[in-house]
Each structure stands twice: as structure tokens, then as C-alpha cells.
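Undergrad: Quick one: structure below, then a few questions.
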Amino acid sequence: MDIDISNLPSPAYLVDERLLTKNLETLNYVQEKSGAKILLAQKGFSMHAMYPLVGKYLHGVTSSSLFEARLGFEEMGKEVHVYAPAYVDREFDELLRYSDHMVFNSFDQWNRFKERVQNAPKKISCGIRVNPEYSEIEVPLYDPCYNFSRMGVTLPNFRPDELDGIDGLHFHTMCEQNSDTLERTLRVVEEKFGPYLHNMKWLNFGGGHHITRPDYDLETLIKCILHMKETYNVEIYLEPGEAIALNTGYLVATVLDTMHNGMDIAILDTSAECHMPDVLAMPYRPGIIGAGMPGEFAHTYRLGGMTCLAGDVIGDYSFPEPLKYGDKLIFTDMAHYSMVKNHMFNGVNLPAIASYNEEEGIKVIREFEYSDFSGRLS
């Protein structure tokens, strides 16, 4: 890392615009070679200070709620696609104001809202989410096709006679996976829903495509897109969230204390529970610049957060030198599914949000205060 963080608040999320641009250029390569339209899934990355940059490359956003749809509409101003497992009646008319595409999770939802969509002041293209009942995801929490899933319509529940007004189909079956998984998934999608695709205008491949990962097979993805376009004469959409911000950001934290209880422990001014919740939910062990696996270097520590949750543990790491009060630790790949998921349990403040580019250097975009905590309570 070549950024001077000495004056950065701690803790702070820091997004490197150079790395974000590199990812966007990769995504644009796929668009140019395949003709597909790629959208930012805001559930993974909603740092709207970066939306002008993202909007230079991508076609718009996908949203899972009224607030996400409004954010994309106001901050990026391009296509706004919406999908939710169920729509809230009292929010629906406002949601129509922001939406260009709307995907329904069931035929009952479609029939309930169909007339309101068709009477909206602007044309909204509508789709049905399907569940091909095929997935290679190993963690049930993130598997939309797991047993008894509420996500999408399975083939036995598909209603061809209720497709009037439906322009497209949407599926989302992947999580952090390569294009070989997509290739196998499409075979199942075609087998089950191919007959209906011939009458559609578009097909949305959903998210979970790890397109900007170094080992990702871009050419297989492009081949998959072209096959579906040419076979069914449909426009193709993809909506990755993680791939946009993958490996573009950091979480800078500071050591507040060290102690010993069977092993060395360091307490940080950040929290797995509050600031990187997927560490506990996935679970996974984030990288730290200059640190190694336990025992790899001379000094091994268990890193803990500053909440009173006993399980607020980030993981075990080793360091060449002993940790001490005031040391800075830099967690890697912290731009996606961090800011969008963080919270203020225990009244712990949120990390500042900052960006870096070569022209302006570090720019602190947002710092949080007591009113952010009290304002969401009653």
C-alpha cells in the first residue's frame, strides 16, 4: 500500500479510486465484448460518493428496497432495477417513481401490483425471478436455491398463462464464483425455462459473479452471454456488487490495548460485529497488510473488537514485532459488504469513510457522531 494514512481518522474505510477504476475497466471490457449491460448491486457497495465514477462505466444500479432505489436514482441517475422478495404496499407508488425495471418474486406479487405498474407515468419493464433449483454455493446463508428458499419461482410453480406484461426473467444463484459455475447454471436454466425465454426481451443473470478476481475466466463469461443472446434474442444484464469493489478498499484500525489470557490478545478500535459483520456471518478471516497466519511470524495475537460481545473476535494473526498501543493495522478488501452492513451496536461509532486518488490524495468524505446513533433510536 502506497498511501500515507498518518492523518486518516481511525477507524476508517478507505477506498482507492485507482483500484476501483481498474475493476470498472475490466467490467467494461466484458460489456464491450459481449454487449451485456452490467449494473452495480447496491446491496454490496453503496458508497455513493463513487457513483459518478461508477456511472462512467456501468449502466445503472440494482436495488432491493425503496431507499436503495432512491439512492441510485438520485446519486447515479442511470437505469434503476429493483427486486425484492416482496414489495410493501405503502411504499410501492414511490418506488415506481425511481424504477426502470422491476422484478417480481412470485406471480401473486405480479398480479397484485400489475395494474399499478402498467398505469405508472413512465414505462417500467417487468420480470419474474425464477429459481432453477441449482446452486454450487456451500454456505446456506448465502444460497438462494437452498431447501425451501423464498427466492424466486421454481418450475413446478411457474405460470406460463400469467406472463402477459412480463418482459424478462431473472435468476441469481451464485456467490463469489467463477464463470464455469455460470456455464453449468445456464444449462439448467435453459433446460427448465428455455421455452419461455424465446418470448422475453431480456434475461438477468443476477449477481455473485467474481468478475474482477485475478483468476476469473472472462472469456467463458463472454461466451455464456453471447450464447444466451444469440439463442433467445434477449438483452443480457448482470448485477454484481462485490466484483465492483473487490480488493479496492481498506479498513484502517488502531490497537487500543494488549493483554494475555492463554495467548496474546489485542483489542482494536474497530469491531467484527459492528464494522465487518461478514467476518462472523460467513465466517471468514480478513487479510491484514504485513501480518501472517498464527505462528508464521514471531508474535501471534487474537484480535478482538471493542464491543461487549464475547464473540467479537476478528481472528488470530502473527506479526514480526509485538503489537503495542497506537499501532495501525490495515485490513484489506473492506469496500464491499462492510459499509452497507455496519451498525452501531453498543453505541460504538462507525468508521469514517474516505477515498484516495492521485490528484487529491486522501479525502475524508464522512465522519459519524452521536446524532447518527441517537437519530435511529427513539
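Letters A, B, ... mark the chains of the C-alpha cells in the order given; residue numbers begin at 1 per chain; ligand numbers begin at 1, in order shown.
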Compile the contact shell of stretch 45-57 of chain A as a VMD selection string: residues with an atom at most 7 Å away, counting only C-alpha atoms, same-chain residues fewer than 4 positions apart removed.
TA: chain A and resid 24 28 41 75 to 76 241 245 336 to 337 340
Undergrad: Assign secondary structure with DSSP using the backbone only, and return the residues of stretch 179-333 of chain A in alpha helix (DSSP H) as a PyMOL selection string.
TA: chain A and resi 179-197+218-232+242-245+272-275+278-281
Undergrad: Identify, on the basis of only C-alpha atoms, every residue whose closest approach to stretch 359-362 of chain A does not exceed 10 Å; exclude the query and any residue fewer than 2 positions from it along the same chain; express the result as a list of chain:residue names.
TA: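 These residues fall inside the cut-off: A:Ile3, A:Asp4, A:Ile5, A:Asn7, A:Leu8, A:Leu14, A:Val15, A:Asp16, A:Ala354, A:Ser355, A:Tyr356, A:Asn357, A:Val364, A:Ile365.
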Undergrad: For the selection just defined, write its residues with N, CA, C and O atoms to a file, as an mmCIF file, in the first residue's frame.
TA:
```
data_model
loop_
_atom_site.group_PDB
_atom_site.id
_atom_site.type_symbol
_atom_site.label_atom_id
_atom_site.label_comp_id
_atom_site.auth_asym_id
_atom_site.auth_seq_id
_atom_site.Cartn_x
_atom_site.Cartn_y
_atom_site.Cartn_z
ATOM 1 N N ILE A 3 -0.187 4.523 0.197
ATOM 2 C CA ILE A 3 -0.935 5.699 0.644
ATOM 3 C C ILE A 3 -0.501 6.053 2.063
ATOM 4 O O ILE A 3 -0.441 5.181 2.932
ATOM 5 N N ASP A 4 -0.208 7.308 2.300
ATOM 6 C CA ASP A 4 0.159 7.780 3.631
ATOM 7 C C ASP A 4 -1.113 7.940 4.464
ATOM 8 O O ASP A 4 -1.944 8.819 4.204
ATOM 9 N N ILE A 5 -1.286 7.082 5.476
ATOM 10 C CA ILE A 5 -2.515 7.098 6.290
ATOM 11 C C ILE A 5 -2.299 7.785 7.633
ATOM 12 O O ILE A 5 -3.154 7.698 8.513
ATOM 13 N N ASN A 7 -2.581 10.721 8.721
ATOM 14 C CA ASN A 7 -3.579 11.707 9.147
ATOM 15 C C ASN A 7 -5.018 11.227 8.958
ATOM 16 O O ASN A 7 -5.951 12.014 9.075
ATOM 17 N N LEU A 8 -5.177 9.941 8.682
ATOM 18 C CA LEU A 8 -6.515 9.389 8.483
ATOM 19 C C LEU A 8 -7.160 9.100 9.836
ATOM 20 O O LEU A 8 -6.506 8.564 10.737
ATOM 21 N N LEU A 14 -11.264 3.130 3.687
ATOM 22 C CA LEU A 14 -10.547 3.917 2.689
ATOM 23 C C LEU A 14 -10.637 3.209 1.344
ATOM 24 O O LEU A 14 -10.169 2.073 1.199
ATOM 25 N N VAL A 15 -11.248 3.852 0.363
ATOM 26 C CA VAL A 15 -11.382 3.278 -0.975
ATOM 27 C C VAL A 15 -10.381 3.948 -1.902
ATOM 28 O O VAL A 15 -10.328 5.183 -1.994
ATOM 29 N N ASP A 16 -9.605 3.127 -2.587
ATOM 30 C CA ASP A 16 -8.592 3.599 -3.525
ATOM 31 C C ASP A 16 -9.237 3.689 -4.911
ATOM 32 O O ASP A 16 -9.553 2.668 -5.530
ATOM 33 N N ALA A 354 -13.543 7.368 3.628
ATOM 34 C CA ALA A 354 -12.575 8.203 2.916
ATOM 35 C C ALA A 354 -12.246 7.587 1.565
ATOM 36 O O ALA A 354 -12.468 6.393 1.328
ATOM 37 N N SER A 355 -11.713 8.407 0.686
ATOM 38 C CA SER A 355 -11.267 7.929 -0.628
ATOM 39 C C SER A 355 -9.869 8.455 -0.897
ATOM 40 O O SER A 355 -9.387 9.377 -0.231
ATOM 41 N N TYR A 356 -9.238 7.857 -1.895
ATOM 42 C CA TYR A 356 -7.905 8.307 -2.303
ATOM 43 C C TYR A 356 -7.829 8.332 -3.815
ATOM 44 O O TYR A 356 -8.241 7.383 -4.501
ATOM 45 N N ASN A 357 -7.311 9.420 -4.359
ATOM 46 C CA ASN A 357 -6.876 9.439 -5.748
ATOM 47 C C ASN A 357 -5.601 10.260 -5.846
ATOM 48 O O ASN A 357 -5.237 10.983 -4.905
ATOM 49 N N VAL A 364 -11.451 12.746 3.276
ATOM 50 C CA VAL A 364 -12.399 12.205 4.249
ATOM 51 C C VAL A 364 -13.797 12.684 3.846
ATOM 52 O O VAL A 364 -14.093 13.884 3.881
ATOM 53 N N ILE A 365 -14.640 11.748 3.459
ATOM 54 C CA ILE A 365 -15.952 12.069 2.922
ATOM 55 C C ILE A 365 -16.989 12.207 4.026
ATOM 56 O O ILE A 365 -17.878 13.059 3.970
#
```
Undergrad: Which of these, A:Ser135, A:Asn119, A:Gln177, A:Thr258, has the shortest distance to A:Pro322 once you count only C-alpha atoms?
TA: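 Closest to A:Pro322 of all the choices is A:Thr258.
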Undergrad: Taking 2 positions as the minimum chain separation for residues in the same chain, which residues sit within 12 Å of A:Tyr98 when counting only C-alpha atoms? Answer as a PyMOL selection string.
TA: chain A and resi 60-63+65-82+91-96+100-102+120-124
Undergrad: So which residues touch A:Asn157 within 12 Å, counting only C-alpha atoms, skipping near sequence neighbours fewer than 5 positions away, as an MDAnalysis selection string?
TA: chainID A and resid 105:108 128:132 152 162 192:193
Undergrad: Take atom CA of A:Pro11 and atom CA of A:Asp372 and report the distance between them in Å, one decimal.
TA: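 Computing the Euclidean distance for atom CA of A:Pro11 and atom CA of A:Asp372 yields 16.2 Å.
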Undergrad: Would you mind listing what lies within 9 Å of A:Thr185 as a list in words, with only C-alpha atoms counted and same-chain residues fewer than 2 positions away left out?
TA: Pro132, Tyr134, Ser135, Glu136, Thr173, Met174, Asp180, Thr181, Leu182, Glu183, Arg187, Val188, Val189 and Glu190 of chain A
Undergrad: Could you give me the residues within stretch 110-173 of chain A that DSSP places in strand (DSSP E), as a PyMOL selection string?
TA: chain A and resi 125-129+168-170
Undergrad: Do a neighbour search on A:Gly311 at 10 Å with only C-alpha atoms, toss out local chain neighbours closer than 4 positions, and write the hits as a ChimeraX atom specification.
TA: /A:272-273,280,304-305,307
Undergrad: Here is a test: counting only C-alpha atoms, which residue of A:Gly287, A:Gly315, A:Arg184, A:Phe104 is nearest to A:Thr220?
TA: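 Closest to A:Thr220, using only C-alpha atoms: A:Arg184.
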Undergrad: Considering only C-alpha atoms, state which residue in the set A:Phe373, A:Phe171, A:Tyr196, A:Phe345 is at the smallest distance from A:Glu133.
TA: A:Phe171
Undergrad: When distances are computed from only C-alpha atoms, which of A:Leu246, A:Ala298, A:Met339, A:Leu163 shows the smallest separation from A:Lys43?
TA: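 Smallest separation from A:Lys43 among the options: A:Met339.
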Undergrad: Which distance in Å separates atom CA of A:His170 and atom CA of A:Val30, to one decimal?
TA: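 Straight-line distance from atom CA of A:His170 to atom CA of A:Val30 works out to 19.4 Å.
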Undergrad: Could you check the closest approach to A:Asn346 for each of A:Leu221, A:Met263, A:Leu309, A:Leu329 and tell me which residue wins, using only C-alpha atoms?
TA: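 Closest to A:Asn346 of all the choices is A:Leu309.
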